[in-house]
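A.B. asks: Handing you this structure, nothing more for now.
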Amino acid sequence: MVNYHVLTLFPDMVAEGLNTSILGRAAAKGLLSVEAINIRDYTKEKHGHVDDAPYGGGAGMVMQAAPICDAYDALCSRLGKRPRVLYMTPQGRVFNQKLAQELAREEDLVFLCGHYEGVDERALELIATDYLSIGDYVLTGGELPAMVMIDCISRLIPGVLNNGASAEFESFHDNLLEYPQYTRPESYRGQKVPEVLLSGHHKNIEAWRREQSIRRTWERRPDLLEKAQLSPKEKGYLETIAKPAHG
Ligand code: ADE
């Protein structure tokens, strides 16, 4: 069970984006909860402003510290604890599967989504515990990164995926990419399903899939192979792909 609390100026975007499909079903089953908190509800200014021009000049607007910190404090009073606050920023550590596994063990997670030119540094100093990015590119706000991370973390919560085993056997588990999958029909536009998958021989199927994972990782993400745990036999197989015999 993970309870997500998203501090945002666009609560509808977050709430609507996360209440569909697998995550919506998981929330209905009580395996997780998503709460989008509108930072604007915590402004004390009469015009409802949550941003202002940067001190020192420059383009754009900066989100003010007070509504953000007040929204977080109100949440903490309600929860009776001060959960981890993940600030979405391209300046952060790049999110990955390993971090998702760590975060899936938390009971409450707060995502702070910035907009405009950023957030007043004092709010970050006061409440942010982690600075996280989803990759080396710049988005207009932190909502999509928060949704990406919530999706990724949630599928690791037991019961969220129908098949309890499947989260473990996918791409990046063990630093190998997933093997190719096939379903009916046996032949499509002249392309046949690999014979071994029709054999019913489970050991051979397992061995074929493992080899495909290794081959695919070598072809598409060779950087991952350095961290993969391969048996001596599998290392031998890798050498046959990496250095094909000349004939
Ligand atoms: N905000 C804007 N761009 C971002 C990124 N790449 N990751 C996380 N937060 C962001």
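Just so we're on the same page: first chain in the structure tokens is A, next is B, and so on; residues restart at 1 for each chain, and ligands are numbered from 1 in the order they show up.
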Can you pull out every residue within 12 Å of region 203-205 of chain A, counting only C-alpha atoms, but drop anything in the same chain fewer than 5 positions away, and send it as a short mmCIF file (atom, residue, chain, number, x, y, z; two decimals) with C-alpha atoms, in the first residue's frame?
C.D. replies:
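out21.cif, freshly written:
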```
data_model
loop_
_atom_site.label_atom_id
_atom_site.label_comp_id
_atom_site.auth_asym_id
_atom_site.auth_seq_id
_atom_site.Cartn_x
_atom_site.Cartn_y
_atom_site.Cartn_z
CA TYR A 179 12.37 -11.68 -24.46
CA PRO A 180 9.98 -11.39 -27.45
CA GLN A 181 6.37 -12.49 -27.02
CA PRO A 194 9.45 -19.70 -33.17
CA GLU A 195 9.05 -23.50 -33.13
CA VAL A 196 10.30 -23.94 -29.56
CA LEU A 197 7.36 -21.94 -28.16
CA LEU A 198 4.91 -24.45 -29.69
CA ARG A 210 16.85 -16.41 -21.53
CA GLU A 211 19.04 -16.46 -24.66
CA GLN A 212 16.71 -14.03 -26.40
#
```
A.B. asks: Go through region 47-154 of chain A and collect every residue that DSSP, computed from the backbone, puts in strand (DSSP E or B); the answer should be as a list in words.
C.D. replies: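 After running DSSP on the backbone, region 47-154 of chain A has strand (DSSP E or B) at Asp51, Asp52, Val62, Met63, Arg84, Val85, Leu86, Tyr87, Met88, Thr89, Pro90, Gln91, Gly92, Arg93, Val94, Asp108, Leu109, Val110, Phe111, Leu112, Val119, Asp130, Tyr131, Leu132 and Ser133 of chain A.
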A.B. asks: For region 58-61 of chain A, please output as a PyMOL selection string all residues within 7 Å (counting only C-alpha atoms; exclusion window: fewer than 5 positions along the same chain).
C.D. replies: chain A and resi 51-53+116-117
A.B. asks: Those same residues, written as a PDB file, in the first residue's frame with all heavy atoms?
C.D. replies:
```pdb
ATOM      1  N   ASP A  51       2.498  32.708  -7.563  1.00  0.00           N
ATOM      2  CA  ASP A  51       3.811  32.928  -8.182  1.00  0.00           C
ATOM      3  C   ASP A  51       4.096  34.416  -8.255  1.00  0.00           C
ATOM      4  O   ASP A  51       3.190  35.239  -8.104  1.00  0.00           O
ATOM      5  CB  ASP A  51       3.832  32.323  -9.586  1.00  0.00           C
ATOM      6  CG  ASP A  51       2.762  32.953 -10.492  1.00  0.00           C
ATOM      7  OD1 ASP A  51       1.694  33.338  -9.978  1.00  0.00           O
ATOM      8  OD2 ASP A  51       3.007  33.068 -11.700  1.00  0.00           O
ATOM      9  N   ASP A  52       5.363  34.757  -8.481  1.00  0.00           N
ATOM     10  CA  ASP A  52       5.751  36.166  -8.589  1.00  0.00           C
ATOM     11  C   ASP A  52       7.041  36.248  -9.406  1.00  0.00           C
ATOM     12  O   ASP A  52       7.674  35.221  -9.667  1.00  0.00           O
ATOM     13  CB  ASP A  52       5.932  36.754  -7.179  1.00  0.00           C
ATOM     14  CG  ASP A  52       5.624  38.250  -7.150  1.00  0.00           C
ATOM     15  OD1 ASP A  52       5.821  38.924  -8.191  1.00  0.00           O
ATOM     16  OD2 ASP A  52       5.181  38.748  -6.091  1.00  0.00           O
ATOM     17  N   ALA A  53       7.416  37.478  -9.768  1.00  0.00           N
ATOM     18  CA  ALA A  53       8.617  37.678 -10.586  1.00  0.00           C
ATOM     19  C   ALA A  53       9.874  37.325  -9.783  1.00  0.00           C
ATOM     20  O   ALA A  53       9.883  37.468  -8.558  1.00  0.00           O
ATOM     21  CB  ALA A  53       8.674  39.143 -11.024  1.00  0.00           C
ATOM     22  N   TYR A 116       6.299  27.091 -14.281  1.00  0.00           N
ATOM     23  CA  TYR A 116       6.939  28.358 -14.590  1.00  0.00           C
ATOM     24  C   TYR A 116       8.455  28.184 -14.588  1.00  0.00           C
ATOM     25  O   TYR A 116       8.951  27.166 -15.045  1.00  0.00           O
ATOM     26  CB  TYR A 116       6.489  29.458 -13.607  1.00  0.00           C
ATOM     27  CG  TYR A 116       4.996  29.477 -13.395  1.00  0.00           C
ATOM     28  CD1 TYR A 116       4.435  29.199 -12.161  1.00  0.00           C
ATOM     29  CD2 TYR A 116       4.131  29.736 -14.456  1.00  0.00           C
ATOM     30  CE1 TYR A 116       3.071  29.208 -11.969  1.00  0.00           C
ATOM     31  CE2 TYR A 116       2.760  29.741 -14.282  1.00  0.00           C
ATOM     32  CZ  TYR A 116       2.241  29.478 -13.039  1.00  0.00           C
ATOM     33  OH  TYR A 116       0.888  29.470 -12.856  1.00  0.00           O
ATOM     34  N   GLU A 117       9.159  29.168 -14.056  1.00  0.00           N
ATOM     35  CA  GLU A 117      10.626  29.087 -14.085  1.00  0.00           C
ATOM     36  C   GLU A 117      11.176  28.295 -12.913  1.00  0.00           C
ATOM     37  O   GLU A 117      12.370  28.139 -12.769  1.00  0.00           O
ATOM     38  CB  GLU A 117      11.241  30.495 -14.088  1.00  0.00           C
ATOM     39  CG  GLU A 117      10.888  31.301 -15.315  1.00  0.00           C
ATOM     40  CD  GLU A 117      11.180  30.542 -16.620  1.00  0.00           C
ATOM     41  OE1 GLU A 117      12.331  30.150 -16.827  1.00  0.00           O
ATOM     42  OE2 GLU A 117      10.241  30.349 -17.405  1.00  0.00           O
TER      43      GLU A 117
END
```
A.B. asks: May I have the residues within 7 Å of ligand 1, computed using only C-alpha atoms and all ligand atoms, as a list in words?
C.D. replies: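 Sorted by chain and then by number, the residues are Met88, Thr89, Pro90, Gly114, Leu132, Ser133, Ile134, Gly135, Asp136, Tyr137, Val138, Leu139, Thr140, Gly141, Gly142 and Pro145 of chain A.
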A.B. asks: Pick out the residues sitting within 8 Å of Ile153 (chain A), and hand them over as a PDB file with N, CA, C and O atoms, in the first residue's frame; count only C-alpha atoms, and ignore anything fewer than 3 positions along from it in its own chain.
C.D. replies:
```pdb
ATOM      1  N   ALA A 100      12.553   2.883  -8.045  1.00  0.00           N
ATOM      2  CA  ALA A 100      11.123   2.554  -7.968  1.00  0.00           C
ATOM      3  C   ALA A 100      10.901   1.463  -6.919  1.00  0.00           C
ATOM      4  O   ALA A 100       9.961   1.537  -6.116  1.00  0.00           O
ATOM      5  N   GLN A 101      11.769   0.469  -6.910  1.00  0.00           N
ATOM      6  CA  GLN A 101      11.639  -0.618  -5.932  1.00  0.00           C
ATOM      7  C   GLN A 101      11.783  -0.094  -4.500  1.00  0.00           C
ATOM      8  O   GLN A 101      11.054  -0.514  -3.607  1.00  0.00           O
ATOM      9  N   LEU A 103      11.152   3.028  -3.489  1.00  0.00           N
ATOM     10  CA  LEU A 103      10.015   3.890  -3.157  1.00  0.00           C
ATOM     11  C   LEU A 103       8.726   3.097  -2.939  1.00  0.00           C
ATOM     12  O   LEU A 103       7.849   3.529  -2.191  1.00  0.00           O
ATOM     13  N   ALA A 104       8.622   1.929  -3.562  1.00  0.00           N
ATOM     14  CA  ALA A 104       7.418   1.094  -3.416  1.00  0.00           C
ATOM     15  C   ALA A 104       7.267   0.582  -1.976  1.00  0.00           C
ATOM     16  O   ALA A 104       6.207   0.089  -1.607  1.00  0.00           O
ATOM     17  N   MET A 149       6.461   8.319 -12.525  1.00  0.00           N
ATOM     18  CA  MET A 149       7.028   7.622 -11.356  1.00  0.00           C
ATOM     19  C   MET A 149       5.953   6.862 -10.597  1.00  0.00           C
ATOM     20  O   MET A 149       6.169   5.723 -10.164  1.00  0.00           O
ATOM     21  N   ILE A 150       4.775   7.450 -10.448  1.00  0.00           N
ATOM     22  CA  ILE A 150       3.685   6.787  -9.724  1.00  0.00           C
ATOM     23  C   ILE A 150       3.265   5.507 -10.453  1.00  0.00           C
ATOM     24  O   ILE A 150       3.048   4.465  -9.837  1.00  0.00           O
ATOM     25  N   LEU A 156       4.738  -2.272  -8.917  1.00  0.00           N
ATOM     26  CA  LEU A 156       5.569  -3.126  -8.058  1.00  0.00           C
ATOM     27  C   LEU A 156       4.858  -3.470  -6.748  1.00  0.00           C
ATOM     28  O   LEU A 156       5.351  -4.280  -5.971  1.00  0.00           O
ATOM     29  N   ILE A 157       3.729  -2.840  -6.491  1.00  0.00           N
ATOM     30  CA  ILE A 157       2.988  -3.120  -5.260  1.00  0.00           C
ATOM     31  C   ILE A 157       2.266  -4.455  -5.443  1.00  0.00           C
ATOM     32  O   ILE A 157       1.550  -4.641  -6.426  1.00  0.00           O
TER      33      ILE A 157
END
```
A.B. asks: Which is closer to Glu226 (chain A) than all the others in A:Ala71, A:Ala207, A:Leu161, A:Leu176, using only C-alpha atoms?
C.D. replies: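 With only C-alpha atoms as the atom set, the closest residue is A:Leu176.
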A.B. asks: Residues at most 10 Å from Met147 (chain A), counting only C-alpha atoms, excluding those fewer than 5 positions away in the same chain, as a list in words?
C.D. replies: Val6, Met13, Val14, Ala15, Gly17, Leu18, Phe111, Gly142, Cys152 and Ile153 of chain A
A.B. asks: Out of A:Arg84, A:Tyr72, A:Ala228, A:Arg155, which residue has the shortest atom-to-atom distance to Ala123 (chain A) when counting only C-alpha atoms?
C.D. replies: A:Tyr72
A.B. asks: At what distance in Å, to one decimal, does CA of Asn3 (chain A) lie from CA of Glu107 (chain A)?
C.D. replies: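 Distance reported for this atom pair: 6.0 Å.
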A.B. asks: Need the shell around Pro11 (chain A): protein/DNA/RNA residues with any atom at most 9 Å away, counting only C-alpha atoms. Skip same-chain ones fewer than 5 positions apart. Format as a ChimeraX atom specification?
C.D. replies: /A:6,16,35-39,143
A.B. asks: Can you tell me how far CA of Leu32 (chain A) sits from CA of Arg93 (chain A), in Å to one decimal?
C.D. replies: 24.8 Å
A.B. asks: My list of candidates is A:Asp70, A:Asp120, A:Glu125, A:Asp151. Which is closest to Asn19 (chain A) when distances are computed with only C-alpha atoms?
C.D. replies: A:Asp151
A.B. asks: Can you check which residues of region 13-242 of chain A DSSP gives as helix (DSSP H, G or I) on the backbone and send them as a PyMOL selection string?
C.D. replies: chain A and resi 13-18+21-28+39-42+65-79+97-103+121-127+143-154+166-169+173-175+195-198+202-220+222-225+232-242
A.B. asks: In Å, how far is it from CA of Asp108 (chain A) to CA of Pro83 (chain A)?
C.D. replies: 5.9 Å
A.B. asks: Which residue is closest to Trp218 (chain A)? Choose from A:Asn175, A:Asn96, A:Gln191, A:Ser154 and count only C-alpha atoms.
C.D. replies: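 The closest residue to Trp218 (chain A) is A:Asn175.
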